[in-house]
Structure formats: structure tokens, C-alpha cells
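**Q** Here you go, this is my_file04.pdb (PDB, C-alpha atoms, pLDDT in the B column).
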```pdb
ATOM      1  CA  MET Y 273     -18.336 172.354  31.094  1.00 54.00           C
ATOM      2  CA  SER Y 274     -17.734 174.143  34.364  1.00 69.00           C
ATOM      3  CA  ALA Y 275     -19.974 174.005  37.400  1.00 65.00           C
ATOM      4  CA  PHE Y 276     -20.773 177.662  36.844  1.00 64.00           C
ATOM      5  CA  GLN Y 277     -21.984 176.975  33.303  1.00 64.00           C
ATOM      6  CA  MET Y 278     -24.052 174.004  34.435  1.00 65.00           C
ATOM      7  CA  TYR Y 279     -25.578 176.066  37.227  1.00 59.00           C
ATOM      8  CA  ARG Y 280     -26.509 178.812  34.777  1.00 59.00           C
ATOM      9  CA  ARG Y 281     -28.071 176.261  32.417  1.00 65.00           C
ATOM     10  CA  HIS Y 282     -29.981 174.880  35.370  1.00 64.00           C
ATOM     11  CA  GLY Y 283     -32.161 177.932  35.037  1.00 65.00           C
ATOM     12  CA  SER Y 284     -30.764 180.625  37.264  1.00 63.00           C
ATOM     13  CA  ASN Y 285     -29.274 183.767  35.792  1.00 67.00           C
ATOM     14  CA  ARG Y 286     -28.275 185.035  39.213  1.00 74.00           C
ATOM     15  CA  VAL Y 287     -25.831 183.135  41.343  1.00 70.00           C
ATOM     16  CA  ASN Y 288     -26.821 182.925  45.003  1.00 73.00           C
ATOM     17  CA  GLY Y 289     -25.484 180.778  47.794  1.00 72.00           C
ATOM     18  CA  ASP Y 290     -28.659 178.869  48.573  1.00 80.00           C
ATOM     19  CA  GLY Y 291     -29.245 178.023  44.922  1.00 81.00           C
ATOM     20  CA  VAL Y 292     -25.663 176.881  44.434  1.00 78.00           C
ATOM     21  CA  VAL Y 293     -25.784 174.647  47.505  1.00 84.00           C
ATOM     22  CA  LYS Y 294     -29.057 173.092  46.375  1.00 86.00           C
ATOM     23  CA  PHE Y 295     -27.630 172.547  42.891  1.00 82.00           C
ATOM     24  CA  LEU Y 296     -24.435 170.917  44.174  1.00 86.00           C
ATOM     25  CA  VAL Y 297     -26.362 168.573  46.455  1.00 89.00           C
ATOM     26  CA  THR Y 298     -29.502 167.663  44.531  1.00 89.00           C
ATOM     27  CA  ASP Y 299     -28.970 168.059  40.771  1.00 87.00           C
ATOM     28  CA  PRO Y 300     -29.203 164.577  39.192  1.00 89.00           C
ATOM     29  CA  HIS Y 301     -27.544 165.715  35.935  1.00 88.00           C
ATOM     30  CA  PHE Y 302     -24.445 167.477  37.268  1.00 87.00           C
ATOM     31  CA  PRO Y 303     -21.620 164.903  37.591  1.00 88.00           C
ATOM     32  CA  ARG Y 304     -20.203 166.506  40.739  1.00 90.00           C
ATOM     33  CA  ALA Y 305     -23.521 166.785  42.569  1.00 91.00           C
ATOM     34  CA  VAL Y 306     -23.981 164.513  45.571  1.00 95.00           C
ATOM     35  CA  VAL Y 307     -27.167 162.941  44.158  1.00 95.00           C
ATOM     36  CA  PHE Y 308     -25.523 162.214  40.808  1.00 95.00           C
ATOM     37  CA  CYS Y 309     -22.594 160.520  42.553  1.00 96.00           C
ATOM     38  CA  LEU Y 310     -24.834 158.439  44.815  1.00 97.00           C
ATOM     39  CA  ASP Y 311     -26.907 157.323  41.829  1.00 97.00           C
ATOM     40  CA  ASP Y 312     -23.741 156.348  39.969  1.00 97.00           C
ATOM     41  CA  ILE Y 313     -22.465 154.376  42.955  1.00 97.00           C
ATOM     42  CA  GLU Y 314     -25.808 152.602  43.228  1.00 97.00           C
ATOM     43  CA  THR Y 315     -25.683 151.617  39.544  1.00 97.00           C
ATOM     44  CA  ARG Y 316     -22.205 150.173  39.972  1.00 96.00           C
ATOM     45  CA  LEU Y 317     -22.972 148.382  43.239  1.00 97.00           C
ATOM     46  CA  ALA Y 318     -26.044 146.783  41.678  1.00 96.00           C
ATOM     47  CA  ASN Y 319     -23.729 144.837  39.360  1.00 95.00           C
ATOM     48  CA  LEU Y 320     -21.556 143.461  42.163  1.00 96.00           C
ATOM     49  CA  PRO Y 321     -22.151 140.358  44.250  1.00 96.00           C
ATOM     50  CA  HIS Y 322     -22.695 140.644  48.010  1.00 94.00           C
ATOM     51  CA  ASN Y 323     -24.025 144.174  47.639  1.00 96.00           C
ATOM     52  CA  ALA Y 324     -26.891 144.139  50.153  1.00 97.00           C
ATOM     53  CA  GLU Y 325     -25.215 146.034  52.978  1.00 97.00           C
ATOM     54  CA  PRO Y 326     -23.491 148.667  50.791  1.00 97.00           C
ATOM     55  CA  LEU Y 327     -26.747 149.257  48.891  1.00 98.00           C
ATOM     56  CA  ARG Y 328     -28.678 149.582  52.145  1.00 98.00           C
ATOM     57  CA  ALA Y 329     -26.256 152.241  53.408  1.00 98.00           C
ATOM     58  CA  LEU Y 330     -26.378 154.036  50.076  1.00 97.00           C
ATOM     59  CA  ARG Y 331     -30.170 154.077  49.975  1.00 97.00           C
ATOM     60  CA  VAL Y 332     -30.335 155.511  53.484  1.00 97.00           C
ATOM     61  CA  ALA Y 333     -28.125 158.390  52.311  1.00 97.00           C
ATOM     62  CA  ARG Y 334     -30.155 158.876  49.142  1.00 96.00           C
ATOM     63  CA  ARG Y 335     -33.466 158.980  51.045  1.00 96.00           C
ATOM     64  CA  ARG Y 336     -32.045 161.558  53.447  1.00 95.00           C
ATOM     65  CA  ILE Y 337     -31.065 163.797  50.543  1.00 95.00           C
ATOM     66  CA  ASP Y 338     -34.431 163.293  48.849  1.00 94.00           C
ATOM     67  CA  ARG Y 339     -36.106 164.575  52.028  1.00 95.00           C
ATOM     68  CA  ILE Y 340     -33.901 167.655  52.439  1.00 92.00           C
ATOM     69  CA  THR Y 341     -35.944 170.789  52.804  1.00 90.00           C
ATOM     70  CA  PRO Y 342     -34.839 174.273  51.734  1.00 86.00           C
ATOM     71  CA  GLU Y 343     -34.540 175.153  55.431  1.00 88.00           C
ATOM     72  CA  GLU Y 344     -31.998 172.366  55.940  1.00 90.00           C
ATOM     73  CA  LEU Y 345     -29.821 173.931  53.243  1.00 89.00           C
ATOM     74  CA  SER Y 346     -30.139 177.402  54.723  1.00 88.00           C
ATOM     75  CA  PRO Y 347     -26.984 178.952  56.152  1.00 89.00           C
ATOM     76  CA  GLU Y 348     -28.274 178.369  59.687  1.00 91.00           C
ATOM     77  CA  GLN Y 349     -28.756 174.595  59.271  1.00 93.00           C
ATOM     78  CA  ARG Y 350     -26.352 173.798  56.436  1.00 92.00           C
ATOM     79  CA  HIS Y 351     -23.558 172.676  58.753  1.00 94.00           C
ATOM     80  CA  ASP Y 352     -25.725 170.049  60.474  1.00 95.00           C
ATOM     81  CA  THR Y 353     -27.115 168.849  57.153  1.00 94.00           C
ATOM     82  CA  PHE Y 354     -23.623 168.394  55.729  1.00 94.00           C
ATOM     83  CA  ASP Y 355     -22.530 166.590  58.886  1.00 96.00           C
ATOM     84  CA  HIS Y 356     -25.346 164.087  58.350  1.00 96.00           C
ATOM     85  CA  MET Y 357     -24.340 163.679  54.699  1.00 96.00           C
ATOM     86  CA  GLN Y 358     -20.745 163.019  55.714  1.00 97.00           C
ATOM     87  CA  GLU Y 359     -21.890 160.437  58.252  1.00 98.00           C
ATOM     88  CA  ASP Y 360     -23.969 158.732  55.571  1.00 97.00           C
ATOM     89  CA  LEU Y 361     -21.005 158.698  53.190  1.00 97.00           C
ATOM     90  CA  ALA Y 362     -18.843 157.201  55.935  1.00 97.00           C
ATOM     91  CA  HIS Y 363     -21.423 154.429  56.424  1.00 97.00           C
ATOM     92  CA  ILE Y 364     -21.353 153.701  52.697  1.00 97.00           C
ATOM     93  CA  HIS Y 365     -17.569 153.602  52.788  1.00 96.00           C
ATOM     94  CA  ASP Y 366     -17.552 151.272  55.781  1.00 96.00           C
ATOM     95  CA  ALA Y 367     -20.088 148.926  54.162  1.00 96.00           C
ATOM     96  CA  VAL Y 368     -18.141 148.755  50.896  1.00 96.00           C
ATOM     97  CA  ALA Y 369     -14.826 148.304  52.681  1.00 95.00           C
ATOM     98  CA  SER Y 370     -16.231 145.622  54.935  1.00 94.00           C
ATOM     99  CA  GLU Y 371     -17.878 143.719  52.100  1.00 93.00           C
ATOM    100  CA  TYR Y 372     -15.130 143.885  49.506  1.00 93.00           C
ATOM    101  CA  PHE Y 373     -11.791 144.700  51.107  1.00 90.00           C
ATOM    102  CA  HIS Y 374     -11.646 143.254  54.609  1.00 79.00           C
ATOM    103  CA  PHE Y 375     -11.910 139.550  53.904  1.00 65.00           C
ATOM    104  CA  HIS Y 376      -8.606 138.896  55.640  1.00 55.00           C
ATOM    105  CA  ARG Y 377     -10.108 139.954  58.963  1.00 56.00           C
ATOM    106  CA  ASP Y 378     -12.496 137.000  58.926  1.00 52.00           C
ATOM    107  CA  VAL Y 379      -9.770 134.397  58.410  1.00 54.00           C
ATOM    108  CA  PRO Y 380      -8.054 133.229  61.591  1.00 55.00           C
ATOM    109  CA  THR Y 381      -4.313 133.267  61.335  1.00 56.00           C
ATOM    110  CA  GLU Y 382      -1.793 131.195  63.162  1.00 61.00           C
ATOM    111  CA  PRO Y 383       1.538 132.583  64.333  1.00 59.00           C
ATOM    112  CA  ALA Y 384       4.408 132.033  61.933  1.00 57.00           C
ATOM    113  CA  CYS Y 385       6.403 130.272  64.593  1.00 59.00           C
ATOM    114  CA  GLN Y 386       5.567 129.147  68.065  1.00 57.00           C
ATOM    115  CA  SER Y 387       8.006 129.575  70.898  1.00 55.00           C
ATOM    116  CA  MET Y 388       8.909 126.543  72.940  1.00 50.00           C
TER
END
```
Turn this file's structure into C-alpha cells for me.

**A**
Amino acid sequence: MSAFQMYRRHGSNRVNGDGVVKFLVTDPHFPRAVVFCLDDIETRLANLPHNAEPLRALRVARRRIDRITPEELSPEQRHDTFDHMQEDLAHIHDAVASEYFHFHRDVPTEPACQSM
């Protein structure tokens, strides 16, 4: 099903920019909506060990979206709101990368050969 069809099923016969933006950010049933994706990430992180820091970053992002007002999604403020969302997503990325993919940075290495 396309995003357009999902949006129309969401209850709006008319397509307008503000409604589309709100739908793409906050709809918990649309698989490409930001909220849906964050909820899916949270479900998957909950099953992993050492998930405290990634979950903390994710929950900060989720709370910010839960508190978004219609004014923050207005054309005048949309850019700043999306900047904050991108920053939150970057924090989630950094926390996941740090926890699960950067183990080698914590292990001291010795040079392969020492010069005499």
C-alpha cells in the first residue's frame, strides 16, 4: 500500500502539507513514519544485551516527538523541528555504534614491530 493510500485511510480526503507532515512523523501504524520506526527500533533493542545507552537515546527522541505541537510542524518551524529529529537520530546511531560496533577502540594495541 502506498503512503498516499495510507494517508487517505488515516481519515483525510484532502491532501494538505501540514497533515502529510504530521502523518509521516507521528502515525504509529504507517511503517515509514518516524514514530513507527522508533518503536520498531526500541522493540529490537530491548532484546539485545548492553542496550541501556541506545535505549536512553531512543527514548529521548521518542519523547521529543510525543511532545511535538502542531506549531512545530508548521512551515515556519518545520525546519528546526526536523533538525532536532536528525540530531536525535544521530545520537541513537552513535549510541548503537558505540555499544555494538566499536569494541576494537577499547582494546589497546601494540605495534606490529618495534624499531631498534

**Q** Any chance you could resolve the PyMOL selection byres ((chain Y and resi 340-356) around 12) against this file and give the residues as an MDAnalysis selection string?

**A** chainID Y and resid 288:298 306:307 332:339 357:363

**Q** Report the residues retrieved by the PyMOL selection byres ((chain Y and resi 325) around 9) from the displayed file, expressed as a ChimeraX atom specification.

**A** /Y:322-324,326-330,364,367-368,371

**Q** In Å, how far is it from CA of Arg331 (chain Y) to CA of Cys309 (chain Y)?

**A**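 Result for CA of Arg331 (chain Y) versus CA of Cys309 (chain Y): 12.4 Å, one decimal.
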
**Q** Enter the distance from CA of Val287 (chain Y) to CA of Phe308 (chain Y), in Å, rounded to one decimal.

**A**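 We find that CA of Val287 (chain Y) and CA of Phe308 (chain Y) lie 20.9 Å from each other.
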
**Q** Have a look at CA of Pro303 (chain Y) and CA of Pro321 (chain Y) and let me know their distance in Å, one decimal.

**A** 25.4 Å

**Q** For region 318-348 of chain Y in the structure I just supplied, write out N, CA and C atoms - as an mmCIF file, in the first residue's frame.

**A**
```
data_model
loop_
_atom_site.group_PDB
_atom_site.id
_atom_site.type_symbol
_atom_site.label_atom_id
_atom_site.label_comp_id
_atom_site.auth_asym_id
_atom_site.auth_seq_id
_atom_site.Cartn_x
_atom_site.Cartn_y
_atom_site.Cartn_z
ATOM 1 N N ALA Y 318 15.404 -3.784 22.808
ATOM 2 C CA ALA Y 318 15.021 -4.373 24.094
ATOM 3 C C ALA Y 318 15.477 -5.817 24.213
ATOM 4 N N ASN Y 319 15.665 -6.493 23.091
ATOM 5 C CA ASN Y 319 16.090 -7.892 23.096
ATOM 6 C C ASN Y 319 17.604 -8.066 23.074
ATOM 7 N N LEU Y 320 18.337 -6.978 23.001
ATOM 8 C CA LEU Y 320 19.799 -7.063 22.931
ATOM 9 C C LEU Y 320 20.430 -6.796 24.288
ATOM 10 N N PRO Y 321 21.586 -7.387 24.535
ATOM 11 C CA PRO Y 321 22.304 -7.058 25.770
ATOM 12 C C PRO Y 321 22.944 -5.676 25.644
ATOM 13 N N HIS Y 322 23.322 -5.109 26.765
ATOM 14 C CA HIS Y 322 24.044 -3.826 26.794
ATOM 15 C C HIS Y 322 23.279 -2.736 26.037
ATOM 16 N N ASN Y 323 21.984 -2.664 26.270
ATOM 17 C CA ASN Y 323 21.153 -1.751 25.489
ATOM 18 C C ASN Y 323 20.806 -0.442 26.206
ATOM 19 N N ALA Y 324 21.335 -0.219 27.381
ATOM 20 C CA ALA Y 324 20.907 0.931 28.187
ATOM 21 C C ALA Y 324 21.130 2.268 27.469
ATOM 22 N N GLU Y 325 22.303 2.484 26.971
ATOM 23 C CA GLU Y 325 22.603 3.776 26.340
ATOM 24 C C GLU Y 325 21.839 3.960 25.024
ATOM 25 N N PRO Y 326 21.792 2.955 24.139
ATOM 26 C CA PRO Y 326 20.975 3.130 22.931
ATOM 27 C C PRO Y 326 19.493 3.360 23.246
ATOM 28 N N LEU Y 327 18.960 2.633 24.236
ATOM 29 C CA LEU Y 327 17.553 2.836 24.593
ATOM 30 C C LEU Y 327 17.323 4.220 25.176
ATOM 31 N N ARG Y 328 18.270 4.713 25.958
ATOM 32 C CA ARG Y 328 18.127 6.057 26.522
ATOM 33 C C ARG Y 328 18.049 7.086 25.398
ATOM 34 N N ALA Y 329 18.947 6.992 24.434
ATOM 35 C CA ALA Y 329 18.951 7.930 23.305
ATOM 36 C C ALA Y 329 17.654 7.817 22.502
ATOM 37 N N LEU Y 330 17.185 6.595 22.315
ATOM 38 C CA LEU Y 330 15.962 6.395 21.561
ATOM 39 C C LEU Y 330 14.760 6.990 22.292
ATOM 40 N N ARG Y 331 14.708 6.815 23.585
ATOM 41 C CA ARG Y 331 13.565 7.326 24.350
ATOM 42 C C ARG Y 331 13.552 8.850 24.419
ATOM 43 N N VAL Y 332 14.723 9.456 24.395
ATOM 44 C CA VAL Y 332 14.783 10.919 24.315
ATOM 45 C C VAL Y 332 14.139 11.386 22.998
ATOM 46 N N ALA Y 333 14.491 10.724 21.911
ATOM 47 C CA ALA Y 333 13.922 11.076 20.602
ATOM 48 C C ALA Y 333 12.420 10.856 20.584
ATOM 49 N N ARG Y 334 11.984 9.748 21.143
ATOM 50 C CA ARG Y 334 10.553 9.417 21.143
ATOM 51 C C ARG Y 334 9.763 10.429 21.972
ATOM 52 N N ARG Y 335 10.288 10.814 23.123
ATOM 53 C CA ARG Y 335 9.601 11.819 23.957
ATOM 54 C C ARG Y 335 9.510 13.155 23.228
ATOM 55 N N ARG Y 336 10.568 13.522 22.514
ATOM 56 C CA ARG Y 336 10.531 14.792 21.781
ATOM 57 C C ARG Y 336 9.409 14.763 20.745
ATOM 58 N N ILE Y 337 9.283 13.659 20.036
ATOM 59 C CA ILE Y 337 8.233 13.557 19.025
ATOM 60 C C ILE Y 337 6.853 13.535 19.679
ATOM 61 N N ASP Y 338 6.736 12.854 20.803
ATOM 62 C CA ASP Y 338 5.442 12.826 21.500
ATOM 63 C C ASP Y 338 4.998 14.222 21.927
ATOM 64 N N ARG Y 339 5.953 15.108 22.165
ATOM 65 C CA ARG Y 339 5.622 16.469 22.620
ATOM 66 C C ARG Y 339 5.509 17.481 21.477
ATOM 67 N N ILE Y 340 5.673 17.044 20.253
ATOM 68 C CA ILE Y 340 5.590 17.975 19.120
ATOM 69 C C ILE Y 340 4.189 18.573 19.052
ATOM 70 N N THR Y 341 4.175 19.873 18.905
ATOM 71 C CA THR Y 341 2.907 20.583 18.754
ATOM 72 C C THR Y 341 2.649 20.842 17.274
ATOM 73 N N PRO Y 342 1.397 21.113 16.908
ATOM 74 C CA PRO Y 342 1.114 21.454 15.509
ATOM 75 C C PRO Y 342 1.949 22.645 15.012
ATOM 76 N N GLU Y 343 2.224 23.591 15.911
ATOM 77 C CA GLU Y 343 3.019 24.756 15.515
ATOM 78 C C GLU Y 343 4.438 24.342 15.106
ATOM 79 N N GLU Y 344 4.975 23.344 15.794
ATOM 80 C CA GLU Y 344 6.340 22.897 15.475
ATOM 81 C C GLU Y 344 6.420 22.199 14.123
ATOM 82 N N LEU Y 345 5.284 21.741 13.614
ATOM 83 C CA LEU Y 345 5.250 21.127 12.291
ATOM 84 C C LEU Y 345 4.769 22.104 11.220
ATOM 85 N N SER Y 346 4.529 23.334 11.624
ATOM 86 C CA SER Y 346 4.103 24.345 10.659
ATOM 87 C C SER Y 346 5.272 24.680 9.736
ATOM 88 N N PRO Y 347 4.974 25.192 8.561
ATOM 89 C CA PRO Y 347 6.058 25.522 7.627
ATOM 90 C C PRO Y 347 7.116 26.447 8.222
ATOM 91 N N GLU Y 348 6.717 27.324 9.130
ATOM 92 C CA GLU Y 348 7.667 28.275 9.708
ATOM 93 C C GLU Y 348 8.673 27.595 10.645
#
```
